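K.L.:
File name input.cif; file contents mmCIF, C-alpha atoms; full text below.
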```
data_data
#
loop_
_atom_site.label_atom_id
_atom_site.label_comp_id
_atom_site.auth_asym_id
_atom_site.auth_seq_id
_atom_site.Cartn_x
_atom_site.Cartn_y
_atom_site.Cartn_z
CA MET A 1 90.88 -20.31 50.32
CA PRO A 2 92.77 -20.14 46.98
CA VAL A 3 91.57 -18.21 43.98
CA LEU A 4 91.75 -20.75 41.16
CA PHE A 5 90.94 -19.55 37.65
CA GLY A 6 88.92 -16.61 38.93
CA LYS A 7 86.97 -18.54 41.61
CA HIS A 8 87.37 -18.98 45.36
CA LEU A 9 87.30 -22.74 45.83
CA SER A 10 87.26 -24.72 49.06
CA LYS A 11 89.18 -27.98 49.21
CA GLN A 12 86.00 -30.01 48.78
CA GLU A 13 84.80 -27.86 45.86
CA TYR A 14 88.14 -28.35 44.13
CA LEU A 15 88.12 -32.13 44.73
CA ARG A 16 84.67 -32.37 43.17
CA LYS A 17 86.07 -30.97 39.92
CA VAL A 18 89.22 -33.13 39.53
CA GLY A 19 90.45 -36.71 39.83
CA ASP A 20 94.11 -36.28 40.79
CA ILE A 21 94.66 -33.13 42.88
CA ASP A 22 97.75 -32.40 40.74
CA GLN A 23 95.55 -31.82 37.69
CA CYS A 24 95.74 -28.02 38.01
CA PHE A 25 98.71 -27.37 40.32
CA GLY A 26 101.43 -28.97 42.39
CA LEU A 27 104.93 -30.46 42.28
CA ARG A 28 106.50 -32.48 39.51
CA PRO A 29 109.92 -34.14 40.04
CA VAL A 30 111.93 -34.17 36.79
CA GLU A 31 115.30 -35.37 35.55
CA TYR A 32 117.14 -33.88 32.59
CA THR A 33 118.33 -36.46 30.08
CA SER A 34 120.42 -34.71 27.42
CA GLY A 35 123.23 -32.26 26.85
CA LYS A 36 125.19 -30.57 29.61
CA ALA A 37 122.19 -30.79 31.94
CA ALA A 38 121.95 -34.59 31.76
CA MET A 39 121.22 -36.27 35.10
CA ILE A 40 120.23 -33.05 36.88
CA ARG A 41 117.27 -33.59 39.19
CA ALA A 42 114.79 -30.79 39.77
CA CYS A 43 111.25 -30.12 40.91
CA ASP A 44 108.87 -28.08 38.77
CA VAL A 45 106.17 -26.17 40.65
CA ASP A 46 102.86 -24.86 39.26
CA LEU A 47 100.92 -22.53 41.57
CA ALA A 48 97.84 -22.20 39.30
CA SER A 49 98.33 -18.43 39.47
CA GLY A 50 100.32 -18.12 36.27
CA LEU A 51 103.57 -18.61 38.21
CA HIS A 52 105.76 -21.63 37.46
CA PHE A 53 109.23 -22.16 38.91
CA SER A 54 111.83 -24.90 39.09
CA VAL A 55 113.97 -25.86 42.08
CA ASN A 56 117.25 -27.55 41.16
CA GLU A 57 118.00 -30.37 43.62
CA SER A 58 121.36 -31.14 41.98
CA LYS A 59 122.58 -27.56 42.38
CA ASN A 60 121.97 -26.29 45.89
CA LEU A 61 118.15 -26.10 45.61
CA ASP A 62 118.60 -22.97 43.55
CA MET A 63 115.87 -21.73 41.23
CA PHE A 64 116.65 -22.02 37.52
CA LYS A 65 113.23 -21.21 36.04
CA PHE A 66 110.81 -18.45 37.03
CA VAL A 67 107.99 -18.04 34.51
CA TYR A 68 104.81 -15.99 34.83
CA LYS A 69 101.97 -16.33 32.32
CA GLY A 70 104.41 -17.79 29.81
CA ILE A 71 106.98 -14.98 30.23
CA SER A 72 110.39 -16.05 31.47
CA TYR A 73 111.91 -13.74 34.07
CA GLY A 74 115.33 -15.31 34.43
CA PHE A 75 118.56 -14.85 32.50
CA VAL A 76 120.20 -17.95 31.03
CA THR A 77 123.79 -17.61 29.83
CA LYS A 78 125.26 -18.99 26.62
CA ALA A 79 126.81 -21.76 28.76
CA SER A 80 123.26 -22.99 29.62
CA LEU A 81 122.23 -25.26 32.48
CA SER A 82 125.09 -27.62 33.31
CA ALA A 83 125.33 -30.55 35.70
CA PRO A 84 127.67 -29.87 38.64
CA TRP A 85 129.85 -32.91 37.95
CA ILE A 86 131.08 -31.47 34.64
CA CYS A 87 131.91 -28.04 36.07
CA ASP A 88 135.52 -26.87 36.25
CA GLU A 89 135.60 -24.03 38.77
CA GLN A 90 139.30 -23.16 38.65
CA GLY A 91 140.05 -19.58 37.66
CA LEU A 92 137.70 -18.31 34.96
CA ALA A 93 136.82 -21.83 33.76
CA TYR A 94 133.58 -21.52 35.75
CA ARG A 95 132.21 -19.41 32.87
CA ASN A 96 132.06 -22.48 30.63
CA ASN A 97 129.31 -24.04 32.75
CA LEU A 98 127.61 -21.20 34.61
CA GLY A 99 124.07 -21.16 33.23
CA ALA A 100 122.89 -18.65 35.87
CA GLY A 101 119.10 -18.98 35.66
CA PHE A 102 116.82 -16.97 37.92
CA LEU A 103 118.66 -17.66 41.21
CA TYR A 104 121.98 -19.15 42.17
CA THR A 105 123.47 -18.72 45.62
CA CYS A 106 127.03 -17.46 46.04
CA GLY A 107 129.16 -18.39 49.06
CA LEU A 108 129.64 -19.54 51.66
CA SER A 109 133.44 -19.27 51.79
CA ASN A 110 133.78 -16.72 49.00
CA VAL A 111 131.88 -14.10 47.03
CA GLY A 112 133.89 -12.45 44.27
CA GLU A 113 137.17 -13.40 42.64
CA GLY A 114 138.64 -16.84 43.27
CA CYS A 115 141.69 -17.16 45.49
CA GLU A 116 143.89 -19.69 47.23
CA GLU A 117 144.37 -19.54 51.00
CA ASP A 118 146.09 -22.05 53.29
CA GLY A 119 146.10 -24.66 50.55
CA PHE A 120 142.38 -24.28 49.73
CA TYR A 121 141.17 -22.83 46.44
CA HIS A 122 138.03 -20.77 46.95
CA TYR A 123 136.17 -20.62 43.66
CA VAL A 124 134.69 -17.49 42.08
CA HIS A 125 131.48 -16.90 44.06
CA GLY A 126 132.22 -20.01 46.16
CA ASN A 127 131.27 -23.60 45.48
CA LEU A 128 127.83 -23.69 47.13
CA LYS A 129 126.15 -23.22 43.73
CA ASN A 130 127.37 -26.64 42.55
CA ILE A 131 126.69 -28.76 45.65
CA PRO A 132 123.75 -31.19 45.33
CA ALA A 133 121.16 -31.09 48.10
CA ARG A 134 120.43 -34.12 50.27
CA ASN A 135 117.46 -35.20 52.42
CA VAL A 136 115.16 -33.36 50.03
CA CYS A 137 111.49 -33.25 50.97
CA ARG A 138 108.72 -32.29 48.55
CA GLU A 139 105.12 -32.08 49.67
CA THR A 140 101.73 -30.56 49.01
CA ILE A 141 100.02 -29.60 52.26
CA TRP A 142 96.36 -28.73 52.80
CA ASN A 143 95.73 -26.34 55.70
CA GLY A 144 91.97 -26.24 55.82
CA ASP A 145 90.94 -24.82 52.45
CA ASP A 146 94.41 -23.43 51.69
CA CYS A 147 96.99 -25.54 49.89
CA ASP A 148 100.75 -25.00 50.20
CA VAL A 149 103.73 -26.54 48.47
CA ARG A 150 106.97 -27.11 50.36
CA ILE A 151 110.45 -28.12 49.20
CA ALA A 152 113.25 -28.45 51.75
CA GLY A 153 116.70 -29.96 51.99
CA GLU A 154 120.25 -29.68 53.28
CA ILE A 155 123.45 -28.53 51.57
CA ARG A 156 126.78 -28.96 53.32
CA ASP A 157 129.68 -26.65 52.42
CA ALA A 158 132.56 -28.46 54.09
CA ALA A 159 136.13 -29.66 53.60
CA PHE A 160 138.47 -32.17 55.22
CA PHE A 161 140.58 -30.19 57.74
CA GLY A 162 138.42 -27.19 56.88
CA ARG A 163 135.03 -25.54 57.32
CA ASN A 164 131.84 -27.42 58.20
CA LEU A 165 128.88 -25.21 57.31
CA LEU A 166 125.37 -26.58 56.87
CA LEU A 167 122.62 -24.80 54.94
CA HIS A 168 119.04 -25.90 55.51
CA ARG A 169 116.86 -24.38 52.77
CA GLU A 170 113.08 -24.36 52.61
CA TYR A 171 110.72 -23.08 49.91
CA ARG A 172 107.06 -22.43 50.65
CA ALA A 173 104.39 -21.13 48.30
CA ARG A 174 100.60 -21.04 48.42
CA ILE A 175 98.48 -22.29 45.56
CA GLY A 176 96.72 -19.42 43.82
CA GLU A 177 99.38 -16.87 44.81
CA LYS A 178 102.26 -15.48 42.79
CA ARG A 179 104.94 -15.26 45.44
CA ILE A 180 107.55 -17.61 46.93
CA PHE A 181 109.07 -17.67 50.41
CA ILE A 182 112.63 -18.90 50.97
CA GLU A 183 114.05 -19.48 54.43
CA ASP A 184 117.72 -20.37 54.79
CA CYS A 185 119.38 -21.44 58.04
CA PHE A 186 123.19 -21.42 58.14
CA GLU A 187 124.82 -23.42 60.92
CA ASN A 188 128.51 -23.68 61.77
CA GLN A 189 128.88 -27.33 62.77
CA GLY A 190 132.64 -26.98 63.11
CA PHE A 191 134.71 -25.93 66.11
CA ALA A 192 136.26 -22.71 64.88
CA PRO A 193 134.80 -19.41 63.70
CA GLU A 194 134.39 -19.21 59.93
CA GLN A 195 134.27 -16.29 57.54
CA LEU A 196 130.77 -16.21 56.04
CA MET A 197 130.05 -14.63 52.66
CA LEU A 198 126.59 -14.83 51.12
CA LEU A 199 124.98 -13.38 47.99
CA TYR A 200 121.66 -14.29 46.35
CA HIS A 201 122.37 -13.91 42.63
CA MET A 202 118.87 -13.21 41.21
CA ASN A 203 119.12 -12.59 37.49
CA LEU A 204 116.52 -10.92 35.29
CA GLY A 205 116.71 -11.27 31.52
CA TYR A 206 114.75 -10.27 28.45
CA PRO A 207 111.84 -9.51 28.15
CA ILE A 208 111.44 -8.34 31.78
CA LEU A 209 114.81 -6.68 31.34
CA ASP A 210 114.70 -4.23 28.44
CA GLU A 211 115.37 -0.60 27.67
CA GLY A 212 113.55 1.46 30.29
CA THR A 213 113.20 -1.28 32.92
CA GLU A 214 113.50 0.44 36.29
CA LEU A 215 115.05 -0.62 39.58
CA ILE A 216 113.00 0.73 42.49
CA ALA A 217 114.39 0.66 46.03
CA PRO A 218 114.65 2.76 49.23
CA VAL A 219 118.25 3.68 48.52
CA GLU A 220 120.22 5.40 51.24
CA ARG A 221 123.68 5.15 49.70
CA VAL A 222 125.12 4.17 46.29
CA GLU A 223 128.69 2.94 45.93
CA PRO A 224 130.10 2.14 42.46
CA LEU A 225 132.35 -0.91 42.74
CA SER A 226 134.57 -0.22 39.71
CA GLU A 227 136.04 2.78 37.97
CA HIS A 228 134.22 1.76 34.77
CA THR A 229 130.94 1.90 36.69
CA ARG A 230 131.77 5.25 38.25
CA ARG A 231 132.54 6.83 34.89
CA ASN A 232 129.89 5.27 32.66
CA ASP A 233 126.78 4.32 34.64
CA VAL A 234 125.34 7.66 35.72
CA ASN A 235 121.87 6.23 36.44
CA TYR A 236 122.04 2.89 38.23
CA ALA A 237 118.23 2.60 38.33
CA ARG A 238 117.50 2.83 34.59
CA MET A 239 118.27 0.05 32.11
CA ILE A 240 119.61 0.66 28.62
CA PRO A 241 119.59 -1.43 25.40
CA PRO A 242 122.34 -4.03 24.88
CA ILE A 243 125.71 -2.65 23.78
CA ASP A 244 128.23 -4.75 21.86
CA ASN A 245 131.28 -5.66 23.95
CA ASN A 246 130.15 -3.60 26.93
CA THR A 247 131.66 -4.17 30.37
CA GLU A 248 129.42 -4.89 33.34
CA TYR A 249 128.45 -2.24 35.90
CA LEU A 250 128.42 -3.02 39.60
CA HIS A 251 126.95 -1.01 42.50
CA ALA A 252 126.61 -1.68 46.22
CA LEU A 253 123.37 -0.14 47.44
CA THR A 254 122.57 0.42 51.11
CA LEU A 255 118.80 0.33 51.60
CA ARG A 256 116.55 1.65 54.32
CA SER A 257 114.56 -0.94 56.24
CA GLY A 258 111.40 -0.95 58.30
CA ALA A 259 110.89 -1.49 62.02
CA ASP A 260 110.76 -5.24 61.34
CA GLY A 261 114.29 -5.14 59.88
CA ARG A 262 113.14 -5.96 56.35
CA THR A 263 113.54 -4.02 53.15
CA LEU A 264 111.98 -4.16 49.69
CA VAL A 265 113.33 -3.82 46.15
CA ALA A 266 111.57 -4.09 42.80
CA ALA A 267 112.30 -4.14 39.09
CA TYR A 268 109.55 -3.14 36.65
CA ASN A 269 109.06 -3.09 32.89
CA ALA A 270 106.39 -0.46 32.14
CA HIS A 271 106.02 -1.67 28.54
CA LEU A 272 104.94 -5.12 29.73
CA ASN A 273 103.32 -3.85 32.94
CA LEU A 274 105.18 -6.63 34.73
CA GLY A 275 107.90 -6.76 37.33
CA LEU A 276 109.36 -8.48 40.35
CA TYR A 277 109.73 -7.58 44.01
CA VAL A 278 111.98 -9.03 46.71
CA ARG A 279 111.58 -8.55 50.47
CA TYR A 280 114.40 -9.68 52.75
CA ASN A 281 115.93 -9.16 56.21
CA THR A 282 118.81 -6.70 56.43
CA ASP A 283 120.40 -7.97 59.64
CA LEU A 284 122.29 -10.54 57.55
CA MET A 285 121.95 -9.11 54.03
CA ARG A 286 123.32 -5.64 54.62
CA TYR A 287 123.74 -4.74 50.93
CA LEU A 288 121.80 -4.91 47.72
CA ILE A 289 124.33 -5.48 44.95
CA GLU A 290 123.17 -4.36 41.52
CA TRP A 291 124.83 -6.17 38.62
CA LYS A 292 124.05 -4.43 35.33
CA CYS A 293 125.37 -6.44 32.41
CA MET A 294 124.20 -4.42 29.43
CA SER A 295 126.32 -6.37 26.95
CA SER A 296 124.91 -7.91 23.77
CA GLY A 297 124.39 -11.64 24.27
CA ASP A 298 125.02 -11.32 27.99
CA TYR A 299 122.14 -8.95 28.75
CA ALA A 300 121.18 -9.28 32.40
CA LEU A 301 120.17 -7.39 35.51
CA GLY A 302 121.24 -8.88 38.82
CA VAL A 303 119.24 -7.96 41.93
CA LEU A 304 121.48 -9.42 44.62
CA PRO A 305 120.79 -9.24 48.37
CA ALA A 306 124.13 -9.87 50.05
CA SER A 307 125.91 -10.02 53.38
CA CYS A 308 129.01 -8.53 51.78
CA LYS A 309 130.38 -6.78 48.73
CA PRO A 310 131.53 -9.18 45.95
CA VAL A 311 135.21 -8.43 46.52
CA GLY A 312 136.63 -11.83 47.54
CA ARG A 313 137.71 -13.23 50.90
CA ALA A 314 140.85 -11.20 51.49
CA ALA A 315 139.29 -7.83 50.65
CA ASP A 316 136.23 -8.70 52.73
CA ARG A 317 138.42 -9.32 55.78
CA ALA A 318 140.43 -6.17 55.17
CA SER A 319 137.27 -4.07 54.90
CA GLY A 320 136.46 -4.43 58.59
CA GLU A 321 132.93 -5.56 57.60
CA MET A 322 133.60 -9.29 57.59
CA ARG A 323 130.81 -11.43 58.99
CA SER A 324 131.92 -14.55 60.85
CA ILE A 325 129.83 -17.41 62.17
CA ALA A 326 130.84 -18.87 65.53
CA PRO A 327 130.92 -22.60 66.30
CA GLY A 328 127.34 -23.75 66.83
CA GLU A 329 125.89 -20.43 65.69
CA VAL A 330 122.85 -20.39 63.40
CA LEU A 331 122.08 -17.45 61.10
CA HIS A 332 118.85 -16.93 59.20
CA ALA A 333 117.99 -15.37 55.85
CA LYS A 334 114.39 -14.91 54.73
CA LEU A 335 113.28 -13.80 51.29
CA GLU A 336 109.89 -13.22 49.71
CA ILE A 337 109.96 -13.12 45.91
CA GLY A 338 106.84 -12.11 44.04
CA VAL A 339 105.40 -10.94 40.74
CA ILE A 340 104.16 -7.39 40.15
CA ASP A 341 101.32 -7.54 37.63
CA GLY A 342 99.96 -4.16 36.55
CA ALA A 343 100.02 -0.52 37.60
CA ALA A 344 97.91 -0.97 40.75
CA GLU A 345 100.31 -3.55 42.20
CA LEU A 346 103.27 -1.37 41.23
CA ASP A 347 101.70 1.63 43.02
CA ALA A 348 101.29 -0.46 46.18
CA ILE A 349 104.96 -1.52 46.02
CA ARG A 350 106.10 2.08 45.45
CA SER A 351 104.03 3.25 48.42
CA GLU A 352 105.57 0.60 50.65
CA ILE A 353 109.07 1.55 49.51
CA ASN A 354 108.38 5.25 50.10
CA ARG A 355 107.34 4.50 53.69
CA LEU A 356 110.66 2.85 54.51
#
```
Since I need it in another form, could you write the structure as structure tokens?
P.N.:
Amino acid sequence: MPVLFGKHLSKQEYLRKVGDIDQCFGLRPVEYTSGKAAMIRACDVDLASGLHFSVNESKNLDMFKFVYKGISYGFVTKASLSAPWICDEQGLAYRNNLGAGFLYTCGLSNVGEGCEEDGFYHYVHGNLKNIPARNVCRETIWNGDDCDVRIAGEIRDAAFFGRNLLLHREYRARIGEKRIFIEDCFENQGFAPEQLMLLYHMNLGYPILDEGTELIAPVERVEPLSEHTRRNDVNYARMIPPIDNNTEYLHALTLRSGADGRTLVAAYNAHLNLGLYVRYNTDLMRYLIEWKCMSSGDYALGVLPASCKPVGRAADRASGEMRSIAPGEVLHAKLEIGVIDGAAELDAIRSEINRL
């Protein structure tokens, strides 16, 4: 039974108080009509818990907006939200149209620098992030007195005489709660093994990101991924104010996991008493990549569960850690993303992390 505006309401009690059930919560399909975002289709979701988010159907069912009680969590770049059909991904041109937002998915053929192999150009962080979803389903589902929202669809990362990888993505969230569940199924529908690279680029921006914001995780090992990081970022877990013309810091963190194979990471702003947690399975996402971009105008913290380090295809193969997906094989990734609101919820998250 959901808690709506401080009250436990059954389905019938709620229906007595409204005409259209979407009056206080639900799904709202939208289409952008101006600027670089024109013609993008998305679905806005209101959980009546203070949490609003937006799922972008034109860009891989990624999540551009994540807003809690009017406070935006995500980082939006100067390039802003851009429709996939105006994006030039060659070389560094991707920066002209990468709006980032709260979540964009990197992969599946590449994570890291772009490269050309066997006549194919593999874009920076792959091209999955700019593939529109198809067969999209949006629904509000009553299960007794509980009400869930569900968004699901397919994204195919494929090429003529090349890979044939299918992603089935599903979002679920319960009305009255402030958490979201994402389940991704990756299937190799081709007839040869394929190199699989996957990274969930979750981006926090101001005001959740600010001086003193803390990254909290059951860290077993920290590996700086650049010499600049090794020399200049002595405390990966503590955020600093923006610095003009600063260069990004990048760490690969290996986290402990529980008996169920899942781990937990959080970011928290003590000044706002607000934060975010992410639970995910480590059988596929073996690393947490931390992207600290403490640069003025590009101020962001990336909390990035990943199957690999963001080093590009060739270096991933050379590392001996490459993950491949066999013909017909299906791999699963599950994430739970939720809001931390207040010291009591933070203490519960810290306790869970300390037990891992």
K.L.:
Would you pick out the contacts of A:Ile21 at 12 Å or less, using all atoms listed in the file, so that residues sharing its chain but fewer than 2 positions from it are not included, and give the list as a list of chain:residue names?
P.N.:
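Answer for this query is A:Lys11, A:Gln12, A:Glu13, A:Tyr14, A:Leu15, A:Arg16, A:Lys17, A:Val18, A:Gly19, A:Gln23, A:Cys24, A:Phe25, A:Gly26, A:Leu27, A:Ala48, A:Thr140, A:Ile141, A:Trp142, A:Cys147, A:Ile175.
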K.L.:
Quick one, how far is atom CA of A:Arg134 from atom CA of A:Pro305?
P.N.:
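Interatomic distance, atom CA of A:Arg134 to atom CA of A:Pro305: 25.0 Å.
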K.L.:
A:Asp118, A:Asp316, A:Asp347, A:Asp62: which is nearest A:Asp184, counting all atoms listed in the file?
P.N.:
A:Asp62
K.L.:
Smallest atom-to-atom distance to A:Ala38: which of A:Gly107, A:Gly126, A:Pro224, A:Pro84, using all atoms listed in the file?
P.N.:
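Smallest distance to A:Ala38 is found for A:Pro84.
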K.L.:
Which residues are close to stretch 332-336 of chain A, i.e. within 6 Å by all atoms listed in the file, leaving aside same-chain residues fewer than 5 positions away? Reply as a PyMOL selection string.
P.N.:
chain A and resi 180-185+278-280
K.L.:
A:Val45, A:Leu196, A:Leu81, A:Val111: which is nearest A:Val149, counting all atoms listed in the file?
P.N.:
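Distance minimum relative to A:Val149 lands on A:Val45.
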K.L.:
Using all atoms listed in the file, determine which residues lie at most 12 Å from A:Pro241, disregarding the query and same-chain residues fewer than 4 positions distant; provide the list as a PyMOL selection string.
P.N.:
chain A and resi 205-207+209-213+246+292-301
